[in-house]
file my_file.txt (compact mmCIF, C-alpha atoms and all ligand atoms)
# COMPACT_ATOMS: atom_id res chain seq x y z
CA VAL A 1 -133.89 70.14 26.17
CA ILE A 2 -136.46 67.43 26.69
CA SER A 3 -138.04 67.13 30.09
CA VAL A 4 -138.54 63.81 31.84
CA THR A 5 -142.29 64.35 31.62
CA GLU A 6 -142.15 64.72 27.83
CA LYS A 7 -140.05 61.60 27.58
CA ILE A 8 -142.48 59.64 29.74
CA GLU A 9 -145.37 60.87 27.60
CA PHE A 10 -143.62 59.58 24.53
CA ILE A 11 -142.89 56.22 26.16
CA GLN A 12 -146.59 55.92 27.10
CA SER A 13 -147.64 56.69 23.55
CA VAL A 14 -145.69 53.61 22.43
CA PHE A 15 -145.83 51.18 25.36
CA GLY A 16 -149.09 52.20 27.01
CA ALA A 17 -149.47 53.35 30.60
CA VAL A 18 -146.37 53.16 32.78
CA ARG A 19 -145.72 53.22 36.49
CA VAL A 20 -143.11 55.77 37.52
CA GLY A 21 -140.60 54.63 40.15
CA HIS A 22 -139.69 56.50 43.35
CA ASP A 23 -136.58 58.03 41.80
CA GLY A 24 -138.62 59.41 38.90
CA LEU A 25 -136.08 58.05 36.44
CA ASN A 26 -137.19 54.45 36.10
CA VAL A 27 -140.56 53.57 34.64
CA ALA A 28 -142.22 50.18 34.39
CA ALA A 29 -144.17 49.29 31.25
CA LYS A 30 -145.81 46.23 29.77
CA CYS A 31 -143.22 44.35 27.74
CA PRO A 32 -144.39 44.14 24.10
CA GLN A 33 -142.18 41.08 23.55
CA CYS A 34 -143.99 39.28 26.36
CA VAL A 35 -147.42 40.43 25.16
CA PHE A 36 -146.57 39.17 21.69
CA LYS A 37 -145.47 35.76 22.97
CA ASP A 38 -148.45 35.44 25.29
CA PRO A 39 -151.60 36.25 23.32
CA LEU A 40 -153.84 34.80 26.05
CA LYS A 41 -152.31 37.32 28.47
CA LYS A 42 -151.61 34.88 31.25
CA THR A 43 -148.26 36.29 32.27
CA SER A 44 -147.92 39.50 30.26
CA THR A 45 -150.33 41.74 32.12
CA LYS A 46 -147.78 42.94 34.64
CA LYS A 47 -145.50 45.88 34.03
CA LYS A 48 -142.14 44.16 34.06
CA LEU A 49 -140.26 46.11 31.41
CA ILE A 50 -138.10 48.64 33.27
CA ILE A 51 -136.94 51.65 31.25
CA ARG A 52 -134.48 54.27 32.46
CA VAL A 53 -135.92 57.48 31.10
CA ASP A 54 -132.65 59.41 30.81
CA ASN A 55 -130.53 56.86 28.92
CA ASP A 56 -133.12 54.34 27.60
CA ILE A 57 -131.44 51.28 29.09
CA CYS A 58 -134.25 48.77 29.42
CA HIS A 59 -134.73 45.31 30.81
CA CYS A 60 -137.66 42.90 31.09
CA TRP A 61 -137.75 40.77 34.21
CA VAL A 62 -139.94 38.15 32.56
CA CYS A 63 -138.40 37.43 29.17
CA GLY A 64 -134.93 38.74 29.95
CA TYR A 65 -134.91 41.15 27.00
CA SER A 66 -132.48 44.01 27.45
CA SER A 67 -131.14 46.81 25.30
CA ARG A 68 -129.44 50.18 25.60
CA SER A 69 -131.94 51.79 23.30
CA LEU A 70 -135.69 51.76 22.78
CA ALA A 71 -135.22 51.75 19.02
CA PRO A 72 -135.39 47.95 18.57
CA LEU A 73 -138.69 47.64 20.45
CA ILE A 74 -140.20 50.66 18.71
CA ALA A 75 -139.08 49.36 15.31
CA LYS A 76 -140.70 46.02 16.01
CA PHE A 77 -143.87 46.98 17.85
CA GLY A 78 -144.44 50.67 17.20
CA THR A 79 -145.14 52.65 14.07
CA ARG A 80 -142.70 54.17 11.61
CA GLU A 81 -143.75 57.62 12.84
CA GLN A 82 -142.93 56.70 16.42
CA LEU A 83 -139.52 55.40 15.40
CA HIS A 84 -138.88 58.59 13.47
CA GLU A 85 -139.97 60.72 16.41
CA TYR A 86 -137.76 58.70 18.72
CA LYS A 87 -134.70 59.12 16.49
CA THR A 88 -135.16 62.81 15.82
CA ARG A 89 -136.60 64.17 19.03
CA PHE A 90 -134.77 62.20 21.66
CA ARG A 91 -131.39 62.02 19.98
CA VAL A 92 -130.61 58.67 21.54
CA ASP A 93 -127.37 58.36 19.66
CA GLU A 94 -125.83 61.27 21.50
CA VAL A 95 -127.01 60.18 24.90
CA TYR A 96 -125.63 56.80 24.11
CA THR A 97 -122.21 58.11 23.03
CA TYR A 98 -121.97 60.15 26.20
CA GLU A 99 -122.76 57.11 28.33
CA LYS A 100 -120.16 55.05 26.54
CA GLU A 101 -117.43 57.60 27.01
CA GLU A 102 -117.84 57.58 30.74
CA ALA A 103 -117.82 53.83 30.87
CA THR A 104 -114.70 53.29 28.78
CA GLU A 105 -112.65 56.09 30.26
CA LYS A 106 -110.86 53.78 32.67
CA GLN A 107 -109.37 51.39 30.18
CA ILE A 108 -108.15 52.67 26.86
CA LEU A 109 -107.37 49.99 24.34
CA LYS A 110 -103.83 50.07 23.00
CA LEU A 111 -102.04 48.28 20.20
CA PRO A 112 -98.86 46.37 21.16
CA ASP A 113 -96.04 48.85 21.89
CA ASP A 114 -93.98 47.76 18.88
CA PHE A 115 -96.95 47.69 16.46
CA LYS A 116 -95.94 48.67 12.95
CA LEU A 117 -97.87 48.92 9.74
CA ILE A 118 -96.76 46.06 7.50
CA VAL A 119 -96.14 48.47 4.64
CA LEU A 120 -93.76 50.51 6.80
CA ALA A 121 -91.92 47.56 8.37
CA SER A 122 -88.50 46.48 7.14
CA GLN A 123 -89.31 44.41 4.06
CA SER A 124 -86.05 42.42 4.38
CA ASP A 125 -87.08 41.04 7.77
CA PRO A 126 -87.88 37.32 7.39
CA THR A 127 -91.09 37.54 9.45
CA VAL A 128 -92.32 40.51 7.44
CA ARG A 129 -91.57 38.57 4.27
CA SER A 130 -93.51 35.53 5.53
CA ILE A 131 -96.42 37.79 6.35
CA GLN A 132 -96.33 39.43 2.94
CA ARG A 133 -96.27 35.97 1.33
CA TYR A 134 -99.21 34.92 3.47
CA LEU A 135 -101.21 37.98 2.44
CA LYS A 136 -100.52 37.12 -1.22
CA THR A 137 -101.87 33.59 -0.73
CA ARG A 138 -104.99 35.09 0.88
CA MET A 139 -105.31 37.38 -2.15
CA ILE A 140 -105.23 40.56 -0.08
CA GLU A 141 -104.60 43.55 -2.31
CA ASP A 142 -101.83 46.07 -1.53
CA ARG A 143 -104.41 48.83 -1.43
CA ASP A 144 -106.24 47.02 1.39
CA ILE A 145 -103.08 46.36 3.39
CA TRP A 146 -102.87 50.16 3.54
CA PHE A 147 -106.55 50.89 3.81
CA TYR A 148 -107.17 48.57 6.76
CA ARG A 149 -103.85 49.46 8.41
CA LEU A 150 -102.73 45.85 8.71
CA GLY A 151 -99.78 45.57 11.05
CA ILE A 152 -97.33 43.38 12.92
CA SER A 153 -95.77 43.05 16.36
CA PHE A 154 -92.90 40.93 17.65
CA GLU A 155 -94.42 40.48 21.10
CA PRO A 156 -94.81 36.75 21.86
CA LYS A 157 -98.63 36.87 21.83
CA TRP A 158 -98.73 38.54 18.42
CA ARG A 159 -95.64 37.13 16.67
CA ARG A 160 -96.23 35.79 13.15
CA ARG A 161 -99.75 37.17 13.16
CA VAL A 162 -101.35 39.73 10.87
CA ILE A 163 -102.85 42.34 13.19
CA ILE A 164 -106.11 43.82 11.94
CA PRO A 165 -107.08 46.89 13.98
CA SER A 166 -110.58 48.27 14.13
CA PHE A 167 -111.54 51.87 14.87
CA SER A 168 -114.69 53.40 16.31
CA SER A 169 -116.79 56.07 14.60
CA LYS A 170 -114.56 58.65 16.27
CA GLY A 171 -111.41 57.03 14.94
CA GLU A 172 -110.34 55.50 18.24
CA LEU A 173 -109.05 51.95 18.40
CA ASN A 174 -111.97 49.76 19.53
CA TYR A 175 -110.66 46.23 18.86
CA TYR A 176 -107.96 44.24 17.16
CA VAL A 177 -107.33 40.66 16.17
CA GLY A 178 -104.19 38.83 15.13
CA ARG A 179 -104.52 36.11 12.48
CA THR A 180 -101.73 33.52 12.59
CA ILE A 181 -99.91 32.96 9.31
CA ASP A 182 -99.01 29.39 10.35
CA GLU A 183 -101.91 27.10 9.58
CA ARG A 184 -101.27 24.68 12.45
CA VAL A 185 -101.16 27.33 15.18
CA ILE A 186 -104.14 27.57 17.53
CA PRO A 187 -106.01 29.81 17.99
CA LYS A 188 -106.21 31.04 14.43
CA TYR A 189 -107.38 34.42 15.64
CA ASP A 190 -106.13 35.93 18.86
CA ASN A 191 -107.94 39.00 20.10
CA VAL A 192 -108.30 41.50 22.92
CA ALA A 193 -110.64 41.18 25.88
CA VAL A 194 -113.37 43.56 24.79
CA PRO A 195 -116.95 42.21 24.73
CA LYS A 196 -118.04 41.69 21.13
CA THR A 197 -121.48 43.11 21.88
CA GLU A 198 -119.88 46.49 22.64
CA ILE A 199 -117.94 47.10 19.46
CA ILE A 200 -118.57 47.37 15.77
CA PHE A 201 -115.62 46.06 13.84
CA ASN A 202 -114.44 48.59 11.26
CA GLU A 203 -117.05 51.10 12.48
CA PHE A 204 -114.89 54.03 11.36
CA ASN A 205 -115.33 53.13 7.69
CA ILE A 206 -119.01 52.31 7.82
CA ARG A 207 -121.68 54.48 6.23
CA TRP A 208 -125.01 53.59 7.73
CA ASP A 209 -127.04 55.07 4.88
CA LYS A 210 -125.52 52.54 2.47
CA THR A 211 -125.90 48.79 2.21
CA LEU A 212 -123.75 47.06 4.82
CA VAL A 213 -122.10 43.72 4.16
CA ILE A 214 -121.74 41.48 7.21
CA SER A 215 -119.27 38.61 7.15
CA GLU A 216 -117.91 36.19 9.71
CA GLY A 217 -114.23 37.07 10.15
CA PRO A 218 -111.90 40.00 9.43
CA PHE A 219 -110.21 38.20 6.54
CA ASP A 220 -113.60 37.77 4.93
CA MET A 221 -114.38 41.42 5.52
CA LEU A 222 -111.26 42.45 3.57
CA LYS A 223 -112.96 41.08 0.43
CA CYS A 224 -116.39 42.53 1.00
CA GLY A 225 -115.97 46.05 -0.34
CA ASP A 226 -115.59 49.22 1.68
CA ASN A 227 -118.89 49.20 3.56
CA ALA A 228 -118.45 46.04 5.57
CA THR A 229 -118.08 44.66 9.05
CA CYS A 230 -117.65 41.22 10.59
CA LEU A 231 -119.13 39.37 13.54
CA LEU A 232 -115.82 37.95 14.82
CA GLY A 233 -117.56 34.59 15.08
CA SER A 234 -120.30 35.82 17.37
CA GLU A 235 -124.06 35.71 16.92
CA LEU A 236 -125.88 38.95 16.24
CA SER A 237 -128.45 39.72 18.91
CA GLU A 238 -130.54 42.65 20.08
CA GLU A 239 -127.84 43.41 22.63
CA HIS A 240 -125.19 44.12 20.01
CA LYS A 241 -124.30 47.72 19.29
CA LEU A 242 -124.12 46.70 15.63
CA PHE A 243 -127.75 45.62 15.74
CA GLU A 244 -128.82 48.90 17.35
CA LYS A 245 -127.06 50.94 14.69
CA ILE A 246 -128.68 48.95 11.88
CA ILE A 247 -132.13 49.52 13.41
CA LEU A 248 -131.57 53.20 14.14
CA ASN A 249 -130.47 53.86 10.57
CA SER A 250 -132.70 51.32 8.80
CA THR A 251 -129.50 50.16 7.10
CA PRO A 252 -130.02 47.54 4.36
CA VAL A 253 -127.92 44.48 5.11
CA VAL A 254 -126.26 41.83 2.96
CA LEU A 255 -125.21 38.68 4.80
CA SER A 256 -122.17 36.80 3.68
CA LEU A 257 -121.43 34.27 6.40
CA ASP A 258 -119.50 31.02 5.93
CA SER A 259 -121.27 28.47 3.76
CA ASP A 260 -121.66 26.05 6.70
CA MET A 261 -123.44 28.74 8.71
CA SER A 262 -126.80 28.53 6.98
CA ASP A 263 -128.68 28.17 10.30
CA LYS A 264 -127.04 31.27 11.68
CA THR A 265 -127.74 33.15 8.44
CA GLU A 266 -131.36 32.08 8.66
CA ARG A 267 -131.66 33.21 12.29
CA MET A 268 -130.16 36.59 11.47
CA CYS A 269 -132.40 37.08 8.45
CA ARG A 270 -135.49 36.35 10.52
CA MET A 271 -134.45 38.65 13.30
CA LEU A 272 -133.54 41.58 11.02
CA LYS A 273 -136.71 41.11 9.00
CA GLU A 274 -138.79 41.22 12.17
CA TYR A 275 -137.44 44.73 12.62
CA ASP A 276 -138.29 45.62 9.04
CA ILE A 277 -134.71 45.64 7.77
CA ASP A 278 -134.01 44.74 4.13
CA VAL A 279 -131.82 41.63 4.07
CA LYS A 280 -130.07 39.94 1.18
CA ILE A 281 -127.90 36.83 1.07
CA VAL A 282 -124.79 36.38 -1.03
CA ASP A 283 -124.36 33.10 -2.87
CA LEU A 284 -120.66 32.25 -2.39
CA GLU A 285 -120.74 30.05 -5.49
CA GLY A 286 -119.02 27.02 -4.02
CA HIS A 287 -116.55 28.92 -1.85
CA HIS A 288 -116.52 28.32 1.88
CA ASP A 289 -116.28 32.00 2.78
CA PRO A 290 -115.55 35.39 1.17
CA GLY A 291 -111.95 35.07 2.37
CA GLU A 292 -111.40 32.37 -0.27
CA MET A 293 -112.56 34.66 -3.05
CA THR A 294 -110.89 37.55 -4.81
CA LYS A 295 -112.47 40.96 -4.33
CA LYS A 296 -113.63 40.85 -7.91
CA GLN A 297 -115.34 37.49 -7.46
CA PHE A 298 -117.04 38.73 -4.35
CA LYS A 299 -118.18 41.94 -6.01
CA PHE A 300 -119.78 39.88 -8.74
CA ALA A 301 -121.53 37.63 -6.20
CA LEU A 302 -122.66 40.70 -4.24
CA GLU A 303 -124.34 42.17 -7.30
CA SER A 304 -126.54 39.11 -7.58
CA ALA A 305 -127.32 38.76 -3.87
CA THR A 306 -130.90 37.60 -3.35
CA PRO A 307 -133.41 39.31 -1.08
CA TRP A 308 -134.54 37.23 1.89
CA GLU A 309 -138.28 37.01 2.39
CA TRP A 310 -140.39 35.16 4.93
CA ASN A 311 -141.06 32.33 2.51
CA SER A 312 -137.37 32.01 1.49
CA SER A 313 -136.53 29.39 4.09
CA PHE A 314 -139.57 27.35 3.11
CA ARG A 315 -138.55 27.43 -0.54
CA SER A 316 -134.95 26.43 0.18
CA ARG A 317 -136.16 23.53 2.35
CA LEU A 318 -138.37 22.36 -0.51
CA ARG A 319 -135.42 22.55 -2.88
CA ALA A 320 -133.29 20.50 -0.46
CA LEU A 321 -136.02 17.86 -0.28
CA ALA A 322 -136.35 17.72 -4.04
CA SER A 323 -132.64 17.22 -4.72
ZN ZN B 401 -140.58 40.71 28.30

call {"tool": "encode", "arguments": {"input": "my_file.txt", "output": "structure tokens"}}
result
Amino acid sequence: VISVTEKIEFIQSVFGAVRVGHDGLNVAAKCPQCVFKDPLKKTSTKKKLIIRVDNDICHCWVCGYSSRSLAPLIAKFGTREQLHEYKTRFRVDEVYTYEKEEATEKQILKLPDDFKLIVLASQSDPTVRSIQRYLKTRMIEDRDIWFYRLGISFEPKWRRRVIIPSFSSKGELNYYVGRTIDERVIPKYDNVAVPKTEIIFNEFNIRWDKTLVISEGPFDMLKCGDNATCLLGSELSEEHKLFEKIILNSTPVVLSLDSDMSDKTERMCRMLKEYDIDVKIVDLEGHHDPGEMTKKQFKFALESATPWEWNSSFRSRLRALAS
């Protein structure tokens, strides 16, 4: 068991002197983000980064930074040794899991009542047949229809949609989306009302000690090999649980976003690199997204993914100018 005093000592070793609040659980430190952005120290001298010592939720009143873990800030502004000490000694992951459980207890996510795996549905049903045809056109392999537990429902909201469920690290349903099989139907993806910052799509299948492929949508993810997740169209920020996990595990990342998302790719590369994460980019070779490729094509492209370095964006801008 770690005492509050020990924890505060550790926090001081990284963030410098802190002021302890009346409750003894909140401490105020200088925000390293603010110090970094304000080298002349006009506004950054005050202790405006509030850290809850027992669960590491932190928030800066000046720059608005917030996170449920100290890992991102330590990875960016501390030393490798400090990050290691943080991960091993303070077991943030467990504290975090405990917190989450309490918070989500009230509403348990459920699939539609009549949800059925496509492979187990009546194959003579016309809707099932349309869905199977659709999956063929999207080049989804039978093995993956099983592996990702793709399903259907006849409820109005989910009718004629391929339901792609996602499970947490403990195997509990944490999200699902339904992709329409009719091209003119809007929205293309219908989903459940769970904040995207809180979940990691396909978390159950992810191994954090291996390279993780990040794509845009679930249908892209189905092509990206077995260690993959998708952003569900959202940006990746420090507030995402996915981001925290990547930092905590120093997971190497390969980005494979849509070809018209080069700005977003660039932003993500910069951010991950700031936290010392290895990032590579897949060249989709003329395809708009991984979803348009076969798994084999993607695997080939993945093997020749190029590492992103600080001068990469400069070089690609030069190339664009030259052509
Ligand atoms: Zn700040």

call {"tool": "closest_atom_pairs", "arguments": {"input": "my_file.txt", "of": "region 297-319 of chain A", "to": "region 264-269 of chain A", "cutoff": "12 Å", "atoms": "only C-alpha atoms", "output": "Markdown table"}}
result
| residue | atom | partner | partner_atom | distance |
| --- | --- | --- | --- | --- |
| A:Thr306 | CA | A:Cys269 | CA | 11.9 |
| A:Pro307 | CA | A:Cys269 | CA | 9.8 |
| A:Trp308 | CA | A:Cys269 | CA | 6.9 |
| A:Glu309 | CA | A:Cys269 | CA | 8.4 |
| A:Trp310 | CA | A:Cys269 | CA | 8.9 |
| A:Asn311 | CA | A:Glu266 | CA | 11.5 |
| A:Ser312 | CA | A:Glu266 | CA | 9.4 |
| A:Ser313 | CA | A:Glu266 | CA | 7.4 |
| A:Phe314 | CA | A:Glu266 | CA | 11.0 |
| A:Ser316 | CA | A:Glu266 | CA | 10.8 |
| A:Arg317 | CA | A:Glu266 | CA | 11.7 |

call {"tool": "atom_distance", "arguments": {"input": "my_file.txt", "atom1": "CA of Leu109 (chain A)", "atom2": "CA of Val177 (chain A)"}}
result
12.4 Å

call {"tool": "residues_near_ligand", "arguments": {"input": "my_file.txt", "ligand": "ligand ZN 401 (chain B)", "cutoff": "12 Å", "atoms": "all atoms listed in the file", "output": "PyMOL selection string"}}
result
chain A and resi 28-38+43-51+58-67+73

call {"tool": "closest_atom_pairs", "arguments": {"input": "my_file.txt", "of": "region 75-171 of chain A", "to": "region 198-219 of chain A", "cutoff": "6 Å", "atoms": "all atoms listed in the file", "output": "JSON lines"}}
result
{"residue": "A:Ser166", "atom": "CA", "partner": "A:Asn202", "partner_atom": "CA", "distance": 4.8}
{"residue": "A:Phe167", "atom": "CA", "partner": "A:Phe204", "partner_atom": "CA", "distance": 5.3}
{"residue": "A:Ser168", "atom": "CA", "partner": "A:Phe204", "partner_atom": "CA", "distance": 5.0}
{"residue": "A:Ser169", "atom": "CA", "partner": "A:Phe204", "partner_atom": "CA", "distance": 4.3}
{"residue": "A:Gly171", "atom": "CA", "partner": "A:Phe204", "partner_atom": "CA", "distance": 5.8}

call {"tool": "closest_residue", "arguments": {"input": "my_file.txt", "among": "A:Val119, A:Leu135, A:Ile140, A:Ile186", "to": "Val162 (chain A)", "atoms": "only C-alpha atoms"}}
result
A:Leu135

call {"tool": "closest_residue", "arguments": {"input": "my_file.txt", "among": "A:Ser262, A:Thr180, A:Ser69, A:Asn249", "to": "Leu284 (chain A)", "atoms": "all atoms listed in the file"}}
result
A:Ser262

call {"tool": "atom_distance", "arguments": {"input": "my_file.txt", "atom1": "CA of Leu255 (chain A)", "atom2": "CA of Val279 (chain A)"}}
result
7.3 Å

call {"tool": "atom_distance", "arguments": {"input": "my_file.txt", "atom1": "CA of Glu303 (chain A)", "atom2": "CA of Glu285 (chain A)"}}
result
12.8 Å

call {"tool": "closest_residue", "arguments": {"input": "my_file.txt", "among": "A:Leu236, A:Met139, A:Ile164, A:Leu173", "to": "Met293 (chain A)", "atoms": "only C-alpha atoms"}}
result
A:Met139

call {"tool": "residues_around", "arguments": {"input": "my_file.txt", "residues": "Thr5 (chain A)", "least_positions_apart": "6", "cutoff": "10 Å", "atoms": "all atoms listed in the file", "output": "number ranges by chain"}}
result
A: 11, 24, 53

call {"tool": "closest_residue", "arguments": {"input": "my_file.txt", "among": "A:Gly286, A:Gly21, A:Pro112, A:Gly225", "to": "Val192 (chain A)", "atoms": "all atoms listed in the file"}}
result
A:Pro112

call {"tool": "closest_residue", "arguments": {"input": "my_file.txt", "among": "A:Met271, A:Met261, A:Leu25, A:Ala305", "to": "Ala75 (chain A)", "atoms": "all atoms listed in the file"}}
result
A:Met271

call {"tool": "closest_residue", "arguments": {"input": "my_file.txt", "among": "A:Lys116, A:Lys299, A:Lys87, A:Lys245", "to": "Arg149 (chain A)", "atoms": "only C-alpha atoms"}}
result
A:Lys116

call {"tool": "residues_around", "arguments": {"input": "my_file.txt", "residues": "Asp190 (chain A)", "least_positions_apart": "6", "cutoff": "9 Å", "atoms": "all atoms listed in the file", "output": "PyMOL selection string"}}
result
chain A and resi 157-158+161+176-180
